[in-house]
Every structure is written in structure tokens, then in C-alpha cells.
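Colleague: Please see the structure below; I have some questions.
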Amino acid sequence: MTVVLDERTAPRGFAYSHMTIPVKPGPFTLAYPEWIPGEHGPTGPLNDLAQLKISAGGQSIPWERDRVDMYAFHINVPSGVTTVTVDFTVLLNHPNNFVDGQLATRNIMVGNWNRYILYQPDTDNTKYFVRASLILPPAWDYASALPVASRSGGRVDFTTVTLETLVDSPTDSGRYYRHITSWSGQGTHTYIDLFADHPEDLKMPASELAAYKRMTPEALALYGGRHWNVYHSELTLSDLIPPQGIEHHQSSDDRSDDTFLTSHAEQLAGGDLLTHEFSHSWNGKYRRPFDLQQPNFNRPFPEHTELLWQYEGMNQYMGDLLAFRSGIKGKPSDYPEYFAYIYSAMAYEPGRNTTPIIDVTTGAPYYYLASGPYGSLRRDAGDFYVEGELMWLDADTIIRQLTHGKKSIDDYTKIYAGGTSGPRVVTYTRSDLEHYLNEVAPYDWHGFFQKYVYSIAPQPPTDEIARAGYRLVYTAKPNMYEANRETLRKSIGSWYDVGVNLAEDGTISDVREGSAAWNAGLAPGMQIVAINSREFTPDAWNGAIGATTASFAPLTLLVKQADAYQNISVSYRGGPKHPHLVRLPGTTDMFAQIMRPHAR
Ligand SMILES: [Zn+2]
């Protein structure tokens with residue numbers, strides 16, 4: 001089939017798709033992709049499909065939506081017709097079930113081909129071929145891992161690829177762009193392709209650019225080979241496009257704020273965006289859970305997500321590992337402070353007492369969409385990422401201890417995803433993973449995953465802290481990564497002391513079950529208007545919490561809930577509490593060994 005994506009109207013929030021699709025005479029079905037790889041759910045944005053017209057030889061062909069499978073459109077193909085023409089309008093800025101916001105601005109368009117196509121769904125997308133073209137707005141440029149057949153002005157014709165490769169090849173474009181060659185070697189390159197709403201946001205400080213140039217060598221050192229022929233990290237910089245990161249074999253679709261590259265605080269908070277998605281080329285795209293890989297994007301082939309504790313959980317560790325080894329997200333010596341920050345978030349989550357990680361991964365298509373109050377009771381998709389990092393770090397320290405420092409997770413990654421090939425998929429099961437780990441260091445790995453993934457685990461993996469030569473403490477000193485996030489989000493964290501997270505205006509976003517705030521009856525959505533008879537400000541709040549170190553008096557709050565005001569008294573003593581790691585004297589610092597640069 002062919003598809004021409006005319007995005008000249010992208011600055012106005014829509015684009016046109018013009019397709020030709022081979023068909024057979026008689027009843028025939030065309031489908032809009034439903035299960036989108038990397039989004040781990042039935043997230044195809046059906047409501048973005050508008051003005052669908054199907055015709056053959058200039059004659060309109062009526063279509064009818066399936067009554068059960070809303071992604072399927074039935075037509076009757078006249079005899080003698082072997083190709084139909086399909087035209088539709090793609091709405092780009094419509095809130096939908098995965099992207100709650102814009103994909104195009106005046107200056108940028110995020111290009112995911114699954115949004116621009118219909119196809120014959122009873123096919124194998126590795127054997128169904130597509131020739132795609134792109135028509136850009138004047139003066140715009142694009143980035144894509146798709147090979148180019150020809151380019152003439154604003155029109156780009158790509159070479160014929162499989163449907164799998166097309167949907168696996170996001171094609172971002174924009175008015176203000178910068179193509180950075182981040183690495184060259186082995187006869188190929190990796191690129192970072194930037195698209196910004198404002199030209200000044202394309203300027204990366206030299207030290208940061210140097211860190212990003214270490215990303216590919218560190219990844220090659222970690223995995224010992226590659227499964228891409230070329231690689232593009234496509235990054236949009238816009239406050240109008242919500243943050244996102246979607247992995248692909250030879251590229252990634254990365255979206256962040258205007259100032260992502262120009263603010264050190266943004267790099268500390270989100271500096272694993274590109275490394276995480278890059279690591280997915282090995283872990284997720286090349287190696288994939290056996291039941292997540294399906295012949296195409298529609299019924300009857302839903303993805304099954306229970307092994308995301310490896311796909312995303314290990315990848316969270318790999319993304320941070322690469323970000324610290326490269327120096328993007330902080331120095332290697334900053335990792336213990338970062339670890340304390342993520343460990344505490346998992347340890348102080350009441351939902352873990354009822355809901356095991358396997359439920360969160362199995363239910364991932366819904367947990368990804370979960371938002372709003374009481375997330376700490378329900379848990380959400382972020383948990384198998386963060387807890388995955390703790391678990392794989394624990395595994396790393398176990399391997400290092402069992403082998404007296406001779407082996408590490410870096411040996412596992414090479415068994416799991418080493419070697420070099422073009423983009424392809426090799427699937428795995430849970431027992432494959434346990435087998436690879438046993439090859440590195442014999443241990444009860446089945447029992448290990450049983451404990452932390454397949455059972456309720458009231459504590460996250462914790463033994464790695466002492467094994468790495470540290471102990472966890474809570475003190476009044478702010479945690480650097482926690483404080484940085486609060487500055488960026490304009491929020492106040494009192495999660496480990498009073499048990500509440502607040503916006504800067506005093507509005508409560510979540511309350512920790514069993515905490516002083518919970519016991520006093522505070523709830524998300526309430527706004528704290530005054531504390532200890534003083535108007536609420538972040539300083540007034542922090543001052544009052546600080547005073548509880550010495551005072552036995554309860555905190556007195558004036559709280560507004562909808563149109564009602566009430567006085568609430570919170571019995572809390574002990575001052576502010578923020579997590580940190582401190583070294584155990586006379587032990588080996590395993591975190592320093594793990595996070596040091598590994599590329600030669
Ligand atoms: Zn991921």
C-alpha cells in the first residue's frame with residue numbers, strides 16, 4: 001500500500017492522509033491500528049480519525065464500522081477492483097486515551113505513522129509492505145530512521161518498508177530544528193534530532209552535549225553489540241506537547257519541555273529520557289516478551305503485558321545506569337542520593353501491601369491511564385519502572401557479591417541482548433531470563449522474582465543497600481533529587497513526615513495512609529489556607545514542620561474543601577524527614593563501581 005502524509009496544515013492542528021490499499025472484490029475489512037507497540041495498550045487514537053472517504057476509480061465506496069470492533073471498517077469492493085483510495089483527516093490536538101494534549105504546534109509535529117493509516121488487518125505486519133511519503137510545511141525539516149528514496153523540496157519519498165517498520169519509525173518535523181551527530185563508528189552514526197518551539201531552546205551547554213555524546217559508547221559497552229543500523233533520538237522541546245517517550249528499534253520519540261536541554265534542573269529530573277528509550281532498542285524491541293509480540297495491531301491479537309517487569313522494569317535501571325555512566329543525570333557519585341529518593345517513594349506506598357507488581361504489569365493498559373487522587377493506594381504503571389530499578393539493582397549487587405566482583409548485570413545484558421544484527425525481534429519467557437541469570441551467577445532467581453514480582457511484597461528490594469556499602473537515613477536535610485522535582489513541579493513534599501504532598505498554594509495532591517495527615521482526616525483536593533494561625537505559604541508550611549522537632553503542640557490547619565472551611569489539628573512530632581544514603585565504614589562502595597563510566 002502507499003500513504004502520503006500531507007502535514008502542511010499541521011500548524012493548524014490537522015493533517016491529511018492519502019492512501020492506496022490493495023483489496024479483493026467482495027466484503028473486505030480495513031482497520032485502524034489499535035494496539036500500539038511501546039504504548040502497551042489499545043491506545044490507537046480512534047477519535048483522531050475524521051472525514052474518512054473510500055473510493056475506487058473515482059466512485060465512492062460506502063463504509064460501515066464494525067459493531068463490536070470499533071477499529072474495523074467494512075466495505076464491499078466492486079468486482080474488478082484491486083485497489084481502493086482512502087482519504088482521511090488526522091486530528092492532531094484532540095485529547096485521547098493515551099496523549100492528553102497536543103501533538104502539533106505552530107512549529108512542531110510529532111509523527112507516529114499508526115495515526116495516519118488504515119490497513120488490511122488479517123495480515124502479518126512483517127510481510128505487508130508500505131511506501132510512505134511526507135509533505136512538509138514550507139521551511140520545515142524532519143527526522144526519521146526510514147530510508148529515503150528521494151526528496152524534492154518539501155516532499156520526501158521513503159523506500160518501501162514493512163508495515164511493522166513504518167509504525168516503528170516515528171517521523172518528527174518542525175520549523176526550528178537541529179540534527180546532532182552524537183556518535184560515529186562501525187560505519188554508522190547515532191543522531192539526536194531536536195525540534196523546538198523556540199530556536200533558543202536548541203542550544204545545549206557544551207558539557208551537556210559532551211555527556212550525551214557518551215550515551216552511545218556506554219550503551220555499546222553495556223550490551224556488547226547493537227541491533228540497529230542507524231539510530232535517531234527524535235526530541236521535541238515544547239511546553240505545549242505533553243512529556244512522553246516511546247521506544248522504537250532504530251529511533252525514539254522523545255517529548256519534553258521548552259527548557260529540557262537548557263536547564264540543569266530538568267536534566268537532573270528527566271535526564272534518562274533518551275538513555276531509557278535508546279536502551280529499549282535492545283531491551284523491548286530486539287528482546288521482547290513472547291506474548292507482547294503479535295502479528296499486527298488489531299483483533300484478535302491483543303498484547304499481553306505481564307512481563308513488563310523486565311521490559312520496563314529492567315529498562316528503568318538500564319536508562320538510569322546509562323544516564324549516570326554518561327554523566328547526563330548527575331555525576332556517578334550522585335547516584336546514592338538518587339537511589340534514596342526512588343527507594344523511599346516505593347517503601348512508603350501503602351498500595352504495595354495489597355497489590356503485587358505482577359498485577360500492575362498485567363493490568364498495565366489500564367494502570368497507564370490511571371491518574372488523580374489516592375494513587376498511592378491504587379499504585380500505577382510507574383511502579384513497575386521504579387521498583388524494577390530497585391529489583392535489578394538488587395540482582396546486580398547479588399551477582400557482584402556471589403562472583404566476588406568478577407561479574408555484574410553487564411554480563412547478563414550481553415547474554416540477554418548481545419551480538420550485532422539489524423532490527424529484529426527475539427522473544428523471551430520468564431524462565432529464559434532466570435536461565436540467563438543462572439549462567440552469570442547460580443542463585444534462586446525464580447524465588448527472587450517470586451518474592452518481588454509475583455507475591456505481595458510489603459518491602460521493596462532492600463538488601464542491596466547494605467550490600468552496596470550503605471544505610472538509609474531520614475534527616476531534615478532536603479534530598480537533592482526530591483527538592484529538584486518539587487522546584488520544577490511547584491510542589492511541596494511532606495510525604496515521609498506529616499504524610500502529605502501539596503501544591504505551592506496548599507492544595508493537597510495525595511495523603512499517605514496511616515500518616516499523621518491521614519489520621520487527622522486530610523484528603524486530596526482540600527486546600528490548606530492557614531497553618532498555626534499563619535496564612536499558608538511554602539515557607540510557613542516548612543517553618544511549622546521544622547518546629548515539630550522541638551514542639552509537642554499539634555499543627556493547627558484551616559482547610560478549605562469546596563465551599564466549606566474547617567479547622568483540622570494534626571498530631572505530628574519529629575520534624576522534616578528526607579531520605580539519604582550514608583556509607584557503611586570499611587565496606588566496598590558498589591554503587592561507585594556500578595555507575596562509573598564503562599566505555600573505553
Ligand atoms: Zn520504557
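Within each chain, counting starts at residue 1; across the C-alpha cells, chains are named A, B, ... in the order shown, with ligands numbered 1 upward in that order.
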Give me, as a list in words, the set of residues whose atoms come within 9 Å of any atom of ligand 1, counting only C-alpha atoms and all ligand atoms.

Modeller: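 If we count only C-alpha atoms and all ligand atoms, the neighbours of ligand 1 turn out to be Gly38, Glu39, Gly245, Ile246, Glu247, Leu273, His276, Glu277, Ser279, His280, Gly284, Tyr311, Glu312, Gly313, Asn315, Gln316, Gly319 and Tyr385 of chain A.
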
Colleague: Could you give me the residues within range 96-252 of chain A that DSSP places in strand (DSSP E), as a ChimeraX atom specification?

Modeller: /A:108-109,129-135,141-143,148-152,155-158,161-162,172-174,176-185,188-196,231-237,244-247,251-252

Colleague: Determine, counting only C-alpha atoms, which protein, DNA and RNA residues have an atom within 12 Å of an atom of Ile54 in chain A; residues of the same chain fewer than 5 positions away are not included. Present the result as number ranges by chain.

Modeller: A: 17-21, 23, 29-30, 59-64, 73-77, 83-88, 118

Colleague: If we count only C-alpha atoms and set the cut-off at 9 Å, which residues sit around range 177-182 of chain A, ignoring sequence neighbours fewer than 2 positions away in its own chain? Please answer as a list in words.

Modeller: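 Once the adjacent positions are removed, what remains is Trp140, Asp141, Tyr142, Ala143, Ser173, Gly174, Arg175, Ser184, His189, Thr190, Tyr191, Ile192, Asp193, Leu194, Phe195, Ala196, Pro199, Leu202, Leu209, Ala210, Tyr212, Lys213, Arg214, Met215 and Thr216 of chain A.
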
Colleague: Between A:Ser455, A:Glu306, A:Val3, A:Trp445, which one has atoms that come closest to Asn353 in chain A, using only C-alpha atoms?

Modeller: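 Closest candidate: A:Ser455.
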
Colleague: Could you write out, as a ChimeraX atom specification, all the residues of range 30-215 of chain A that DSSP marks as alpha helix (DSSP H)?

Modeller: /A:163-167,206-213,215

Colleague: Once you have the residues from the selection above, write them out as an mmCIF file, in the first residue's frame, restricted to all heavy atoms.

Modeller:
```cif
data_model
loop_
_atom_site.group_PDB
_atom_site.id
_atom_site.type_symbol
_atom_site.label_atom_id
_atom_site.label_comp_id
_atom_site.auth_asym_id
_atom_site.auth_seq_id
_atom_site.Cartn_x
_atom_site.Cartn_y
_atom_site.Cartn_z
ATOM 1 N N LEU A 163 5.079 -2.893 7.100
ATOM 2 C CA LEU A 163 4.173 -2.123 7.956
ATOM 3 C C LEU A 163 4.738 -2.038 9.368
ATOM 4 O O LEU A 163 4.632 -1.010 10.042
ATOM 5 C CB LEU A 163 2.788 -2.790 7.962
ATOM 6 C CG LEU A 163 1.729 -2.152 8.846
ATOM 7 C CD1 LEU A 163 1.468 -0.702 8.452
ATOM 8 C CD2 LEU A 163 0.427 -2.961 8.776
ATOM 9 N N GLU A 164 5.372 -3.120 9.832
ATOM 10 C CA GLU A 164 5.988 -3.110 11.167
ATOM 11 C C GLU A 164 7.036 -1.997 11.254
ATOM 12 O O GLU A 164 7.067 -1.225 12.214
ATOM 13 C CB GLU A 164 6.643 -4.460 11.468
ATOM 14 C CG GLU A 164 7.273 -4.505 12.851
ATOM 15 C CD GLU A 164 8.196 -5.700 13.058
ATOM 16 O OE1 GLU A 164 8.998 -5.995 12.149
ATOM 17 O OE2 GLU A 164 8.111 -6.322 14.121
ATOM 18 N N THR A 165 7.892 -1.902 10.223
ATOM 19 C CA THR A 165 8.950 -0.886 10.230
ATOM 20 C C THR A 165 8.377 0.522 10.133
ATOM 21 O O THR A 165 8.853 1.449 10.796
ATOM 22 C CB THR A 165 9.937 -1.156 9.077
ATOM 23 O OG1 THR A 165 10.553 -2.418 9.308
ATOM 24 C CG2 THR A 165 11.011 -0.087 8.995
ATOM 25 N N LEU A 166 7.329 0.697 9.325
ATOM 26 C CA LEU A 166 6.735 2.034 9.199
ATOM 27 C C LEU A 166 6.242 2.522 10.554
ATOM 28 O O LEU A 166 6.583 3.626 10.994
ATOM 29 C CB LEU A 166 5.582 2.019 8.189
ATOM 30 C CG LEU A 166 4.956 3.404 7.963
ATOM 31 C CD1 LEU A 166 5.858 4.277 7.107
ATOM 32 C CD2 LEU A 166 3.564 3.301 7.354
ATOM 33 N N VAL A 167 5.444 1.689 11.231
ATOM 34 C CA VAL A 167 4.884 2.108 12.520
ATOM 35 C C VAL A 167 5.996 2.215 13.578
ATOM 36 O O VAL A 167 5.861 2.933 14.567
ATOM 37 C CB VAL A 167 3.752 1.140 12.929
ATOM 38 C CG1 VAL A 167 3.305 1.364 14.358
ATOM 39 C CG2 VAL A 167 2.574 1.304 11.971
ATOM 40 N N ALA A 206 27.821 23.048 26.420
ATOM 41 C CA ALA A 206 28.852 22.152 25.880
ATOM 42 C C ALA A 206 29.065 20.922 26.758
ATOM 43 O O ALA A 206 29.239 19.805 26.256
ATOM 44 C CB ALA A 206 30.158 22.922 25.712
ATOM 45 N N SER A 207 29.025 21.086 28.074
ATOM 46 C CA SER A 207 29.278 19.955 28.972
ATOM 47 C C SER A 207 28.150 18.913 28.849
ATOM 48 O O SER A 207 28.379 17.707 28.922
ATOM 49 C CB SER A 207 29.384 20.438 30.414
ATOM 50 O OG SER A 207 28.177 21.060 30.792
ATOM 51 N N GLU A 208 26.956 19.411 28.632
ATOM 52 C CA GLU A 208 25.814 18.504 28.485
ATOM 53 C C GLU A 208 25.902 17.753 27.152
ATOM 54 O O GLU A 208 25.651 16.538 27.092
ATOM 55 C CB GLU A 208 24.540 19.331 28.553
ATOM 56 C CG GLU A 208 23.274 18.514 28.608
ATOM 57 C CD GLU A 208 22.086 19.459 28.684
ATOM 58 O OE1 GLU A 208 22.041 20.299 29.594
ATOM 59 O OE2 GLU A 208 21.229 19.357 27.800
ATOM 60 N N LEU A 209 26.262 18.474 26.101
ATOM 61 C CA LEU A 209 26.425 17.817 24.798
ATOM 62 C C LEU A 209 27.499 16.731 24.892
ATOM 63 O O LEU A 209 27.339 15.629 24.362
ATOM 64 C CB LEU A 209 26.794 18.861 23.738
ATOM 65 C CG LEU A 209 26.989 18.326 22.314
ATOM 66 C CD1 LEU A 209 25.736 17.615 21.814
ATOM 67 C CD2 LEU A 209 27.369 19.457 21.361
ATOM 68 N N ALA A 210 28.577 17.021 25.623
ATOM 69 C CA ALA A 210 29.645 16.025 25.801
ATOM 70 C C ALA A 210 29.102 14.790 26.513
ATOM 71 O O ALA A 210 29.434 13.646 26.151
ATOM 72 C CB ALA A 210 30.798 16.635 26.582
ATOM 73 N N ALA A 211 28.240 14.979 27.502
ATOM 74 C CA ALA A 211 27.643 13.841 28.216
ATOM 75 C C ALA A 211 26.752 13.024 27.269
ATOM 76 O O ALA A 211 26.816 11.788 27.251
ATOM 77 C CB ALA A 211 26.839 14.338 29.417
ATOM 78 N N TYR A 212 25.939 13.709 26.467
ATOM 79 C CA TYR A 212 25.071 12.989 25.517
ATOM 80 C C TYR A 212 25.888 12.231 24.470
ATOM 81 O O TYR A 212 25.461 11.196 23.968
ATOM 82 C CB TYR A 212 24.064 13.940 24.857
ATOM 83 C CG TYR A 212 22.814 14.115 25.691
ATOM 84 C CD1 TYR A 212 22.615 15.243 26.477
ATOM 85 C CD2 TYR A 212 21.850 13.118 25.725
ATOM 86 C CE1 TYR A 212 21.480 15.385 27.270
ATOM 87 C CE2 TYR A 212 20.708 13.248 26.511
ATOM 88 C CZ TYR A 212 20.527 14.375 27.275
ATOM 89 O OH TYR A 212 19.404 14.501 28.057
ATOM 90 N N LYS A 213 27.083 12.747 24.155
ATOM 91 C CA LYS A 213 27.927 12.029 23.192
ATOM 92 C C LYS A 213 28.526 10.762 23.798
ATOM 93 O O LYS A 213 29.037 9.911 23.069
ATOM 94 C CB LYS A 213 29.015 12.964 22.654
ATOM 95 C CG LYS A 213 28.430 14.003 21.694
ATOM 96 C CD LYS A 213 29.482 14.777 20.929
ATOM 97 C CE LYS A 213 28.799 15.590 19.820
ATOM 98 N NZ LYS A 213 29.755 16.264 18.957
ATOM 99 N N MET A 215 26.591 8.702 25.445
ATOM 100 C CA MET A 215 25.466 7.769 25.575
ATOM 101 C C MET A 215 25.651 6.520 24.712
ATOM 102 O O MET A 215 25.472 5.394 25.196
ATOM 103 C CB MET A 215 24.160 8.480 25.192
ATOM 104 C CG MET A 215 22.939 7.589 25.180
ATOM 105 S SD MET A 215 21.395 8.505 24.898
ATOM 106 C CE MET A 215 21.254 8.418 23.133
#
```

Colleague: Write out as a PyMOL selection string the residues lying within 7 Å of range 576-589 of chain A, counting only C-alpha atoms and excluding same-chain residues fewer than 5 positions away.

Modeller: chain A and resi 336-337+340-341+344+468-479+496-497+545-546

Colleague: Determine, counting only C-alpha atoms, which protein, DNA and RNA residues have an atom within 9 Å of an atom of Val425 in chain A; residues of the same chain fewer than 4 positions away are not included. Present the result as a ChimeraX atom specification.

Modeller: /A:284-288,293

Colleague: Need to verify the contact set: Ser515 in chain A, 8 Å, only C-alpha atoms, exclusion of same-chain residues closer than 4 positions in sequence. Can you return it as a list in words?

Modeller: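 Close residues of Ser515 in chain A: Asp497, Val498, Gly499, Val511 and Asn519 of chain A.
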
Colleague: Just checking: using only C-alpha atoms, which residue out of A:Leu91, A:Leu268, A:Val130, A:Leu308 ends up closest to Phe324 in chain A?

Modeller: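 Looking only at the distances to Phe324 in chain A, the closest residue turns out to be A:Leu268.
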
Colleague: In terms of the shortest atom-to-atom distance over only C-alpha atoms, which of A:His198, A:His304, A:Lys560, A:His232 is closest to Ile528 in chain A?

Modeller: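 Of A:His198, A:His304, A:Lys560, A:His232, the one nearest Ile528 in chain A, counting only C-alpha atoms, is A:Lys560.
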
Colleague: Please compute the CA of Pro538 in chain A-CA of Tyr374 in chain A distance, one decimal, in Å.

Modeller: 22.3 Å

Colleague: Kindly indicate which residue among A:Pro461, A:Ile456, A:Gly101, A:Tyr481 lies nearest to Gly270 in chain A, using only C-alpha atoms for the distances.

Modeller: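 Closest residue, counting only C-alpha atoms: A:Tyr481.
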
Colleague: What does the distance between CA of Tyr223 in chain A and CA of Ser408 in chain A come to in Å, to one decimal place?

Modeller: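 According to the coordinates, CA of Tyr223 in chain A and CA of Ser408 in chain A are separated by 12.2 Å.
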
Colleague: Using only C-alpha atoms, which of the listed residues (A:Gly224, A:Pro423, A:Gly388, A:Pro243) sits closest to Tyr317 in chain A?

Modeller: A:Gly388
